[in-house]
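Here's the structure, in structure tokens; my notes come after.
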Amino acid sequence: MELRKPYCDRRFESTAAATLRNNGAAKGTTMTLSDQPVRVRIAPSPTGYFHLGSARTALFNWLYARHTGGKFILRIEDTDRSRFVPGSLQDIMDSLAWLGLDYDEGPGVGGAYGPYFQSERLPLYHEWAERLIEAGHAYRCYCTAERLDALRAEQRANKSHVIGYDRHCRTLTRAERAELAASGATSVVRFAMPMEGETHFTDLLRKIKPFDNNQYRDPVLLKSDGFPTYHFANVLDDHFMAITHILRGDEWLSSVPLHVNLYAALGWEVPAFAHLPLILDPSGEGKLSKRKKKGEGDEELLTHIREYREAGYLPEAMFNFLANMGWAYSPDTDLFTRAQAIARFDIADINPAAGALPLSKLQWMNGHYIRELSPEELTDRLLPFLSRASGRPEAELARHPGLPYVAPLVAERLKTLDEAWPWVDFVFQDHIVYDPALLIPKGLDAAGALAALQASRRLLAELPFAEAELDPALRGLADRLGLKPGQVFGILRVATTGKNVAPPLFGSFMALGQARVLARCAEAEKLLETRMAI
RNA sequence: GCCCCCAUCGUCUAGAGGACCAGGACACAGGCCUUUCAAGCCUGGUGCAGGGGUUCGAAUCCCCUUGGGGGCACCA
């Protein structure tokens, strides 16, 4: 079996070995990118808040850098001035920090390969565009947007197999060029893609068939506003930033031949590619970013990291969850720490198949991580959410005597932090409002409920007000009244919390304090008396 | 339409020709526990898309079909 497969057979080859071959070590190059320390990057554009899919890509890049002891770089692709969204750069940085994905080079950190904003690298792109033009690998195109639109429309109408630019300006004569340039017509720079042959490349995760060059149309390198397109800036920057591995979304796969030919025209070595599986909408229909659809239930589907943060997801849960999509830490468990993930992560283990976002698993996982928090830690994390829900300052809530009781009361009941307030609002409210009918449990009438309430209040007034005392005392009382404990507890639950579904009763009592428990019982008695009088 | 990628329970996944009548997790169902709701514990059902090969042996390798996804911009 001497047949050499173009695909990396994982049994015999490490990722590094595959990378080596991918990068042309066979050609006898003495120093290839794969000999260099790992340098990976993410290159989000500040055109919106940091996306969940971008976060997963960032996470895999970060894991690979940390696993190999390499560098993780943040580069901002701010080449589309029309789509720039103020605040999105800050959101990208905040989201990365929140997820704990620290970068070694980039905005706010610096580094030896800067600048890390593409808008600050314009001279570089212009210089190399000129070189490509001189070498005959690129040319100026004077076609208008209108012409291009009409061209595409016509191609679609004719059911043309190839849709895109017709290379009109590629064959312009020297005189025609001079005339157009002199007329002041705006132009872009296009890459002269090979019109024949095929482009071969390898991917660390998939088996790639060669692409026919003739299905590609000469892509724009430099836009008429002087900014580079993604294709150009990305190739130049990855080269000059010494990027060794490109881990990016699968949606880029079909533009790799463009990039590979650009690298070739430039005479540069091609980094290793790993195109990551896309995260699909929870329904499995389409890329997550494409449309903002409804998620499970009637909740709106969250697509930005900041939305998950605001909804009360924990960064440790988010990290675990994201790393668990397309990659698995262990066959036996889905739960793992950052350190564990770093220790085991390998590009070759990424599952190439796109997958639907398993939101219910995220909710479970978040609940799990909430329950792992100490009561003090959970209290700290809950405070901003309680404040937001109640409209009261955090400092005021922090001073509330009931606050320390809250975390243990809700920990087992939460999937997200923002669910806490409805469970414990009664602790912070001066008055509770509820339907008096709730005070009457099954099998009892108003008079019976009133009697139980009065007896309970007398008992609660005398008892040492400690959780361990309350339970046996009230059970004894129920027994003496000929009631089930659940009946008495139910009446007291409604009287003190205003709800028939609430946290455990005696913990709630402690959160309220004896005085308020007694007062609420008395109020409930009045409600029952009123009701009976009608 | 053309090109490319992908394919294991409903969903996320383990699986590297024999250790697989396919393992874990979420979700779901039943039970236990129980003062409500949860949490926790136990049990259960459900899957290798289909068809051809290769092989003594295929979830695993090859081909075809089907299905899903992505791309085809002066957006990234």
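In the structure tokens, chains take the letters A, B, ... in the order shown, each chain's residues start at 1, and ligands count up from 1 in the order shown.
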Quick one: residues within 12 Å of Ala437 in chain A, only C-alpha atoms (C1' of nucleotides) counted, chain neighbours fewer than 4 positions away excluded, as a VMD selection string?
chain A and resid 441 to 442 444 to 446 449 to 450 491 494 to 495 498 to 500 524 527 to 532
Just the selected residues (N, CA, C and O atoms), exported as a compact mmCIF listing (two decimals), in the first residue's frame, please.
# COMPACT_ATOMS: atom_id res chain seq x y z
N PRO A 441 -56.06 25.52 50.32
CA PRO A 441 -55.57 24.33 49.62
C PRO A 441 -56.69 23.34 49.38
O PRO A 441 -57.79 23.47 49.93
N LYS A 442 -56.40 22.37 48.55
CA LYS A 442 -57.37 21.33 48.27
C LYS A 442 -57.74 20.62 49.56
O LYS A 442 -56.89 20.35 50.41
N LEU A 444 -59.62 21.77 51.92
CA LEU A 444 -59.90 22.69 53.04
C LEU A 444 -60.80 23.80 52.56
O LEU A 444 -60.83 24.14 51.38
N ASP A 445 -61.54 24.39 53.50
CA ASP A 445 -62.30 25.59 53.14
C ASP A 445 -61.60 26.80 53.76
O ASP A 445 -60.59 26.67 54.43
N ALA A 446 -62.17 27.95 53.53
CA ALA A 446 -61.55 29.18 54.02
C ALA A 446 -61.39 29.16 55.53
O ALA A 446 -60.36 29.57 56.08
N ALA A 449 -58.49 26.96 56.45
CA ALA A 449 -57.21 27.59 56.12
C ALA A 449 -56.89 28.67 57.14
O ALA A 449 -55.75 28.80 57.60
N LEU A 450 -57.92 29.44 57.51
CA LEU A 450 -57.72 30.51 58.49
C LEU A 450 -57.25 29.95 59.82
O LEU A 450 -56.31 30.46 60.44
N ILE A 491 -50.34 26.68 52.58
CA ILE A 491 -50.99 27.93 53.02
C ILE A 491 -49.93 28.97 53.39
O ILE A 491 -50.00 30.13 52.99
N VAL A 494 -48.09 30.52 50.34
CA VAL A 494 -48.81 31.59 49.65
C VAL A 494 -48.84 32.85 50.52
O VAL A 494 -48.63 33.96 50.04
N ALA A 495 -49.08 32.64 51.82
CA ALA A 495 -49.18 33.81 52.71
C ALA A 495 -47.89 34.61 52.75
O ALA A 495 -47.91 35.84 52.83
N GLY A 498 -46.64 34.79 48.36
CA GLY A 498 -47.62 35.21 47.37
C GLY A 498 -47.71 34.26 46.19
O GLY A 498 -48.34 34.55 45.19
N LYS A 499 -47.03 33.13 46.30
CA LYS A 499 -47.01 32.19 45.17
C LYS A 499 -47.27 30.78 45.68
O LYS A 499 -46.96 30.46 46.83
N ASN A 500 -47.80 29.94 44.82
CA ASN A 500 -47.90 28.53 45.21
C ASN A 500 -46.71 27.70 44.71
O ASN A 500 -46.58 26.54 45.07
N ALA A 524 -52.60 37.73 55.61
CA ALA A 524 -53.31 36.65 54.92
C ALA A 524 -54.57 36.28 55.69
O ALA A 524 -55.62 35.99 55.10
N LEU A 527 -57.20 38.67 54.79
CA LEU A 527 -57.73 38.38 53.46
C LEU A 527 -58.77 37.27 53.52
O LEU A 527 -59.83 37.33 52.90
N LEU A 528 -58.47 36.26 54.33
CA LEU A 528 -59.40 35.14 54.45
C LEU A 528 -60.68 35.55 55.15
O LEU A 528 -61.78 35.14 54.77
N GLU A 529 -60.52 36.36 56.19
CA GLU A 529 -61.70 36.81 56.92
C GLU A 529 -62.61 37.63 56.02
O GLU A 529 -63.83 37.47 56.01
N THR A 530 -62.00 38.51 55.24
CA THR A 530 -62.76 39.32 54.30
C THR A 530 -63.52 38.44 53.33
O THR A 530 -64.69 38.63 53.03
N ARG A 531 -62.80 37.44 52.85
CA ARG A 531 -63.38 36.55 51.86
C ARG A 531 -64.58 35.79 52.45
O ARG A 531 -65.61 35.59 51.80
N MET A 532 -64.41 35.36 53.72
CA MET A 532 -65.49 34.61 54.36
C MET A 532 -66.71 35.49 54.62
O MET A 532 -67.83 35.04 54.61
May I have a table of the residues of chain B lying at most 8 Å from chain A, giving each one's closest pair of atoms and their distance in Å to one decimal, counting only C-alpha atoms (C1' of nucleotides), ordered by chain and ascending residue number, as a tab-separated table?
residue	atom	partner	partner_atom	distance
B:G1	C1'	A:Lys159	CA	5.7
B:C2	C1'	A:His161	CA	4.5
B:C3	C1'	A:Gln215	CA	7.3
B:C4	C1'	A:Ser254	CA	6.1
B:C5	C1'	A:Leu253	CA	7.9
B:C6	C1'	A:Ala353	CA	5.2
B:A7	C1'	A:Ala353	CA	7.6
B:U11	C1'	A:Pro358	CA	5.9
B:C12	C1'	A:Pro358	CA	5.9
B:U13	C1'	A:Ala328	CA	6.9
B:A14	C1'	A:Pro331	CA	4.6
B:A16	C1'	A:Arg11	CA	5.6
B:G23	C1'	A:Pro331	CA	7.2
B:G24	C1'	A:Asp332	CA	4.6
B:A25	C1'	A:Asp334	CA	6.0
B:C26	C1'	A:Lys361	CA	4.7
B:A27	C1'	A:Ser360	CA	7.1
B:U35	C1'	A:Gly486	CA	4.6
B:U36	C1'	A:Val501	CA	4.8
B:C37	C1'	A:Val501	CA	5.4
B:A38	C1'	A:Arg413	CA	4.8
B:A39	C1'	A:Glu412	CA	5.0
B:G69	C1'	A:Gly286	CA	6.7
B:G70	C1'	A:Glu251	CA	5.3
B:G71	C1'	A:Ser254	CA	5.6
B:C72	C1'	A:Ile163	CA	6.3
B:C74	C1'	A:Lys223	CA	4.7
B:C75	C1'	A:Asp80	CA	7.3
B:A76	C1'	A:Tyr230	CA	6.3
From the DSSP assignment of the backbone, select every residue of range 124-267 of chain A that is alpha helix (DSSP H), and format the answer as a PyMOL selection string.
chain A and resi 124-134+145-157+174-182+230-240+256-266
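If you look at CA of Ala129 in chain A and CA of Val235 in chain A, they are 12.0 Å away from each other.
Assigned to strand (DSSP E or B) in range 144-307 of chain A, given DSSP computed from backbone atoms, are Val188, Val189, Arg190, Phe191, Glu198, Thr199, Phe211, Asp212, Val220, Leu221, Leu222, Pro228, His245, Ile246, Leu247, Arg248, Gly249, Ala272, Phe273, Ala274, His275, Leu276, Ile279, Leu280, Lys287, Lys294, Glu300 and His304 of chain A.
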12 Å contact set for A59 in chain B, only C-alpha atoms (C1' of nucleotides), chain neighbours under 5 positions out, as a list in words:
A7, U8, A14, G15, A16, G17, C20, A22, G47 and C48 of chain B
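Distance-wise, CA of Gln36 in chain A and CA of Thr244 in chain A end up 7.4 Å apart.
Pairwise distance (CA of Pro404 in chain A, CA of Phe509 in chain A) equals 12.8 Å.
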Contacts of Ile73 in chain A within 12 Å, only C-alpha atoms (C1' of nucleotides), excl. fewer than 2 positions in-chain, as a compact mmCIF listing (two decimals) with all heavy atoms, in the first residue's frame:
# COMPACT_ATOMS: atom_id res chain seq x y z
N VAL A 38 3.56 28.07 16.38
CA VAL A 38 2.19 28.29 15.92
C VAL A 38 1.76 29.73 16.14
O VAL A 38 1.96 30.30 17.21
CB VAL A 38 1.23 27.33 16.66
CG1 VAL A 38 -0.22 27.77 16.48
CG2 VAL A 38 1.43 25.90 16.18
N ARG A 39 1.23 30.32 15.10
CA ARG A 39 0.60 31.64 15.20
C ARG A 39 -0.75 31.56 14.51
O ARG A 39 -0.83 31.27 13.33
CB ARG A 39 1.48 32.72 14.52
CG ARG A 39 2.77 33.02 15.30
CD ARG A 39 3.67 33.98 14.55
NE ARG A 39 3.04 35.27 14.28
CZ ARG A 39 2.94 36.26 15.16
NH1 ARG A 39 3.43 36.14 16.38
NH2 ARG A 39 2.36 37.39 14.82
N VAL A 40 -1.80 31.76 15.27
CA VAL A 40 -3.15 31.71 14.72
C VAL A 40 -3.84 33.02 15.02
O VAL A 40 -3.43 33.77 15.90
CB VAL A 40 -3.98 30.54 15.32
CG1 VAL A 40 -3.42 29.20 14.86
CG2 VAL A 40 -4.00 30.62 16.84
N ARG A 41 -4.87 33.29 14.25
CA ARG A 41 -5.54 34.58 14.44
C ARG A 41 -7.03 34.44 14.23
O ARG A 41 -7.53 33.49 13.61
CB ARG A 41 -4.96 35.63 13.51
CG ARG A 41 -5.21 35.63 11.98
CD ARG A 41 -5.94 34.52 11.38
NE ARG A 41 -6.05 34.56 9.94
CZ ARG A 41 -7.18 34.37 9.26
NH1 ARG A 41 -8.30 34.15 9.90
NH2 ARG A 41 -7.20 34.39 7.95
N ILE A 42 -7.75 35.39 14.78
CA ILE A 42 -9.12 35.58 14.35
C ILE A 42 -9.17 37.00 13.80
O ILE A 42 -8.43 37.87 14.23
CB ILE A 42 -10.17 35.42 15.46
CG1 ILE A 42 -9.86 36.32 16.64
CG2 ILE A 42 -10.26 33.96 15.87
CD1 ILE A 42 -11.07 36.53 17.53
N ALA A 43 -10.04 37.18 12.82
CA ALA A 43 -10.08 38.47 12.15
C ALA A 43 -11.51 38.93 11.99
O ALA A 43 -12.05 38.97 10.89
CB ALA A 43 -9.37 38.37 10.80
N PRO A 44 -12.14 39.28 13.09
CA PRO A 44 -13.52 39.75 12.98
C PRO A 44 -13.58 41.16 12.40
O PRO A 44 -12.60 41.89 12.47
CB PRO A 44 -14.01 39.75 14.43
CG PRO A 44 -12.78 39.92 15.24
CD PRO A 44 -11.65 39.29 14.47
N ALA A 58 -13.02 31.63 17.41
CA ALA A 58 -11.99 32.21 18.28
C ALA A 58 -11.54 31.18 19.32
O ALA A 58 -10.34 31.03 19.58
CB ALA A 58 -12.54 33.45 18.98
N LEU A 59 -12.50 30.49 19.86
CA LEU A 59 -12.21 29.49 20.90
C LEU A 59 -11.28 28.40 20.39
O LEU A 59 -10.31 28.03 21.04
CB LEU A 59 -13.54 28.90 21.39
CG LEU A 59 -13.57 27.82 22.45
CD1 LEU A 59 -12.57 28.09 23.54
CD2 LEU A 59 -14.96 27.77 23.02
N ASN A 61 -9.25 28.54 17.81
CA ASN A 61 -7.93 29.15 17.56
C ASN A 61 -7.17 29.31 18.87
O ASN A 61 -5.99 29.00 18.96
CB ASN A 61 -8.10 30.51 16.87
CG ASN A 61 -8.20 30.40 15.36
OD1 ASN A 61 -7.21 30.27 14.67
ND2 ASN A 61 -9.43 30.42 14.85
N TRP A 62 -7.86 29.81 19.85
CA TRP A 62 -7.24 30.04 21.16
C TRP A 62 -6.76 28.72 21.76
O TRP A 62 -5.64 28.63 22.27
CB TRP A 62 -8.28 30.71 22.08
CG TRP A 62 -7.79 31.04 23.45
CD1 TRP A 62 -7.14 32.18 23.86
CD2 TRP A 62 -7.95 30.24 24.63
NE1 TRP A 62 -6.88 32.13 25.21
CE2 TRP A 62 -7.37 30.95 25.70
CE3 TRP A 62 -8.52 29.00 24.90
CZ2 TRP A 62 -7.34 30.46 27.01
CZ3 TRP A 62 -8.49 28.50 26.19
CH2 TRP A 62 -7.92 29.22 27.24
N TYR A 64 -5.94 26.04 20.22
CA TYR A 64 -4.80 25.52 19.49
C TYR A 64 -3.52 26.26 19.89
O TYR A 64 -2.47 25.65 20.10
CB TYR A 64 -5.03 25.62 17.98
CG TYR A 64 -3.99 24.86 17.20
CD1 TYR A 64 -3.78 23.51 17.44
CD2 TYR A 64 -3.19 25.50 16.25
CE1 TYR A 64 -2.81 22.80 16.74
CE2 TYR A 64 -2.22 24.79 15.55
CZ TYR A 64 -2.04 23.45 15.80
OH TYR A 64 -1.07 22.76 15.11
N ALA A 65 -3.65 27.57 20.00
CA ALA A 65 -2.47 28.36 20.42
C ALA A 65 -2.03 27.96 21.82
O ALA A 65 -0.83 27.76 22.08
CB ALA A 65 -2.80 29.85 20.38
N ARG A 66 -2.97 27.82 22.72
CA ARG A 66 -2.59 27.50 24.10
C ARG A 66 -2.07 26.07 24.19
O ARG A 66 -1.17 25.78 24.98
CB ARG A 66 -3.79 27.71 25.02
CG ARG A 66 -4.25 29.16 25.12
CD ARG A 66 -3.20 30.07 25.78
NE ARG A 66 -3.53 31.48 25.64
CZ ARG A 66 -2.96 32.30 24.75
NH1 ARG A 66 -2.01 31.85 23.94
NH2 ARG A 66 -3.32 33.57 24.69
N GLY A 70 1.71 28.41 21.24
CA GLY A 70 1.85 29.42 20.19
C GLY A 70 1.17 30.73 20.56
O GLY A 70 0.84 30.96 21.72
N LYS A 71 0.98 31.55 19.54
CA LYS A 71 0.38 32.87 19.77
C LYS A 71 -1.01 32.95 19.16
O LYS A 71 -1.26 32.44 18.07
CB LYS A 71 1.25 33.96 19.13
CG LYS A 71 2.67 34.02 19.66
CD LYS A 71 2.70 34.51 21.10
CE LYS A 71 4.15 34.72 21.54
NZ LYS A 71 4.27 34.63 23.02
N ARG A 75 -6.95 40.41 15.00
CA ARG A 75 -6.76 41.40 13.94
C ARG A 75 -8.13 41.92 13.54
O ARG A 75 -9.07 41.13 13.41
CB ARG A 75 -6.08 40.75 12.75
CG ARG A 75 -5.82 41.71 11.60
CD ARG A 75 -5.02 41.03 10.51
NE ARG A 75 -5.80 40.10 9.73
CZ ARG A 75 -5.32 38.93 9.25
NH1 ARG A 75 -4.09 38.54 9.52
NH2 ARG A 75 -6.09 38.16 8.53
N ILE A 76 -8.24 43.19 13.39
CA ILE A 76 -9.54 43.78 13.07
C ILE A 76 -9.64 44.08 11.58
O ILE A 76 -8.85 44.84 11.03
CB ILE A 76 -9.77 45.08 13.88
CG1 ILE A 76 -9.67 44.80 15.38
CG2 ILE A 76 -11.13 45.67 13.54
CD1 ILE A 76 -10.69 43.81 15.92
N LEU A 96 -14.51 38.66 24.04
CA LEU A 96 -13.35 37.77 24.16
C LEU A 96 -12.88 37.71 25.60
O LEU A 96 -12.57 36.64 26.13
CB LEU A 96 -12.21 38.27 23.25
CG LEU A 96 -12.41 38.03 21.75
CD1 LEU A 96 -11.36 38.79 20.94
CD2 LEU A 96 -12.35 36.54 21.43
N LEU A 101 -10.81 34.43 26.51
CA LEU A 101 -9.94 34.16 25.37
C LEU A 101 -8.96 35.32 25.21
O LEU A 101 -9.18 36.24 24.42
CB LEU A 101 -10.77 33.96 24.10
CG LEU A 101 -11.89 32.91 24.19
CD1 LEU A 101 -12.63 32.80 22.87
CD2 LEU A 101 -11.30 31.56 24.59
N ASP A 102 -7.91 35.28 25.97
CA ASP A 102 -6.93 36.36 25.94
C ASP A 102 -6.07 36.23 24.70
O ASP A 102 -5.69 35.14 24.31
CB ASP A 102 -6.06 36.31 27.19
CG ASP A 102 -5.37 34.96 27.35
OD1 ASP A 102 -6.07 33.93 27.24
OD2 ASP A 102 -4.14 34.93 27.53
N TYR A 103 -5.78 37.35 24.06
CA TYR A 103 -4.95 37.30 22.86
C TYR A 103 -3.58 37.91 23.13
O TYR A 103 -3.42 38.79 23.97
CB TYR A 103 -5.63 37.97 21.67
CG TYR A 103 -6.25 39.32 21.93
CD1 TYR A 103 -5.52 40.49 21.73
CD2 TYR A 103 -7.57 39.43 22.36
CE1 TYR A 103 -6.08 41.73 21.95
CE2 TYR A 103 -8.14 40.67 22.58
CZ TYR A 103 -7.40 41.81 22.38
OH TYR A 103 -7.96 43.05 22.61
N ASP A 104 -2.59 37.38 22.41
CA ASP A 104 -1.20 37.75 22.65
C ASP A 104 -0.79 39.00 21.88
O ASP A 104 0.14 39.69 22.25
CB ASP A 104 -0.28 36.59 22.27
CG ASP A 104 -0.65 35.33 23.02
OD1 ASP A 104 -0.49 35.32 24.24
OD2 ASP A 104 -1.15 34.37 22.39
N GLU A 105 -1.48 39.21 20.77
CA GLU A 105 -1.20 40.40 19.97
C GLU A 105 -2.52 40.94 19.46
O GLU A 105 -3.41 40.16 19.12
CB GLU A 105 -0.31 40.06 18.76
CG GLU A 105 1.06 39.51 19.13
CD GLU A 105 1.84 39.02 17.91
OE1 GLU A 105 1.56 39.52 16.80
OE2 GLU A 105 2.70 38.15 18.08
N GLY A 106 -2.62 42.25 19.37
CA GLY A 106 -3.85 42.84 18.85
C GLY A 106 -4.16 44.16 19.52
O GLY A 106 -3.34 44.67 20.30
N PRO A 107 -5.34 44.69 19.24
CA PRO A 107 -5.73 45.98 19.80
C PRO A 107 -5.62 45.99 21.33
O PRO A 107 -6.08 45.07 21.98
CB PRO A 107 -7.19 46.11 19.37
CG PRO A 107 -7.30 45.27 18.15
CD PRO A 107 -6.36 44.14 18.35
N GLY A 108 -4.99 47.03 21.83
CA GLY A 108 -4.87 47.16 23.27
C GLY A 108 -3.74 46.35 23.86
O GLY A 108 -3.38 46.52 25.02
N VAL A 109 -3.16 45.47 23.07
CA VAL A 109 -2.08 44.62 23.56
C VAL A 109 -0.79 44.89 22.80
O VAL A 109 0.31 44.81 23.34
CB VAL A 109 -2.46 43.12 23.39
CG1 VAL A 109 -1.30 42.22 23.78
CG2 VAL A 109 -3.69 42.78 24.22
N GLY A 110 -0.95 45.26 21.54
CA GLY A 110 0.22 45.52 20.72
C GLY A 110 0.83 44.25 20.17
O GLY A 110 0.15 43.24 20.05
N GLY A 111 2.09 44.30 19.83
CA GLY A 111 2.75 43.16 19.23
C GLY A 111 3.70 43.60 18.14
O GLY A 111 3.64 44.73 17.67
N ALA A 112 4.55 42.70 17.75
CA ALA A 112 5.62 43.05 16.80
C ALA A 112 5.17 43.01 15.35
O ALA A 112 5.95 43.33 14.46
CB ALA A 112 6.80 42.10 17.01
N TYR A 113 3.94 42.59 15.12
CA TYR A 113 3.49 42.43 13.73
C TYR A 113 2.39 43.42 13.35
O TYR A 113 1.68 43.22 12.39
CB TYR A 113 3.00 41.00 13.50
CG TYR A 113 4.08 39.95 13.66
CD1 TYR A 113 4.46 39.51 14.92
CD2 TYR A 113 4.71 39.40 12.54
CE1 TYR A 113 5.45 38.54 15.07
CE2 TYR A 113 5.68 38.43 12.68
CZ TYR A 113 6.06 38.00 13.95
OH TYR A 113 7.02 37.04 14.09
N GLY A 114 2.24 44.46 14.15
CA GLY A 114 1.17 45.41 13.92
C GLY A 114 1.42 46.28 12.71
O GLY A 114 2.44 46.11 12.04
N PRO A 115 0.54 47.24 12.44
CA PRO A 115 -0.71 47.47 13.19
C PRO A 115 -1.72 46.32 13.00
O PRO A 115 -1.64 45.60 12.03
CB PRO A 115 -1.25 48.76 12.60
CG PRO A 115 -0.45 49.09 11.41
CD PRO A 115 0.74 48.21 11.37
N TYR A 116 -2.64 46.22 13.96
CA TYR A 116 -3.60 45.12 13.93
C TYR A 116 -4.98 45.55 13.44
O TYR A 116 -5.93 44.79 13.54
CB TYR A 116 -3.67 44.45 15.30
CG TYR A 116 -2.35 43.77 15.63
CD1 TYR A 116 -1.35 44.44 16.33
CD2 TYR A 116 -2.08 42.49 15.18
CE1 TYR A 116 -0.12 43.85 16.59
CE2 TYR A 116 -0.87 41.88 15.42
CZ TYR A 116 0.11 42.56 16.13
OH TYR A 116 1.33 41.97 16.36
N PHE A 117 -5.01 46.78 12.95
CA PHE A 117 -6.22 47.25 12.25
C PHE A 117 -5.88 47.33 10.78
O PHE A 117 -4.91 48.00 10.41
CB PHE A 117 -6.65 48.62 12.76
CG PHE A 117 -7.19 48.60 14.16
CD1 PHE A 117 -6.35 48.76 15.25
CD2 PHE A 117 -8.55 48.43 14.39
CE1 PHE A 117 -6.85 48.73 16.55
CE2 PHE A 117 -9.06 48.41 15.67
CZ PHE A 117 -8.21 48.56 16.76
N ASP A 237 -1.97 40.06 5.18
CA ASP A 237 -1.77 40.14 6.62
C ASP A 237 -1.34 38.81 7.22
O ASP A 237 -0.48 38.75 8.08
CB ASP A 237 -3.05 40.63 7.30
CG ASP A 237 -3.31 42.10 7.00
OD1 ASP A 237 -2.37 42.77 6.54
OD2 ASP A 237 -4.44 42.55 7.20
N ASP A 238 -1.96 37.74 6.75
CA ASP A 238 -1.56 36.43 7.27
C ASP A 238 -0.08 36.17 6.95
O ASP A 238 0.64 35.61 7.75
CB ASP A 238 -2.44 35.32 6.67
CG ASP A 238 -3.82 35.29 7.31
OD1 ASP A 238 -3.99 35.90 8.38
OD2 ASP A 238 -4.73 34.67 6.73
N MET A 241 2.04 38.67 9.09
CA MET A 241 1.92 38.39 10.52
C MET A 241 2.39 36.97 10.83
O MET A 241 2.23 36.49 11.95
CB MET A 241 0.48 38.60 10.98
CG MET A 241 0.05 40.07 10.93
SD MET A 241 -1.61 40.33 11.56
CE MET A 241 -1.74 42.12 11.35
N ALA A 242 2.94 36.31 9.83
CA ALA A 242 3.52 34.98 10.01
C ALA A 242 2.52 33.97 10.57
O ALA A 242 2.87 33.14 11.43
CB ALA A 242 4.77 35.05 10.89
N ILE A 243 1.30 34.07 10.09
CA ILE A 243 0.27 33.13 10.54
C ILE A 243 0.59 31.74 9.98
O ILE A 243 0.85 31.58 8.79
CB ILE A 243 -1.13 33.59 10.04
CG1 ILE A 243 -1.46 34.96 10.61
CG2 ILE A 243 -2.20 32.56 10.42
CD1 ILE A 243 -1.44 35.06 12.12
N THR A 244 0.57 30.74 10.84
CA THR A 244 0.93 29.38 10.42
C THR A 244 -0.30 28.53 10.08
O THR A 244 -0.23 27.67 9.22
CB THR A 244 1.72 28.66 11.51
OG1 THR A 244 0.94 28.66 12.72
CG2 THR A 244 3.05 29.35 11.76
N HIS A 245 -1.40 28.77 10.79
CA HIS A 245 -2.60 27.98 10.58
C HIS A 245 -3.81 28.90 10.49
O HIS A 245 -3.99 29.76 11.34
CB HIS A 245 -2.84 27.00 11.74
CG HIS A 245 -1.76 26.00 11.91
ND1 HIS A 245 -0.50 26.33 12.39
CD2 HIS A 245 -1.74 24.66 11.68
CE1 HIS A 245 0.24 25.24 12.43
NE2 HIS A 245 -0.47 24.21 12.01
N ILE A 246 -4.61 28.68 9.47
CA ILE A 246 -5.83 29.45 9.34
C ILE A 246 -7.00 28.56 9.72
O ILE A 246 -7.37 27.64 9.00
CB ILE A 246 -6.00 29.96 7.89
CG1 ILE A 246 -4.84 30.89 7.53
CG2 ILE A 246 -7.35 30.66 7.73
CD1 ILE A 246 -4.89 31.42 6.11
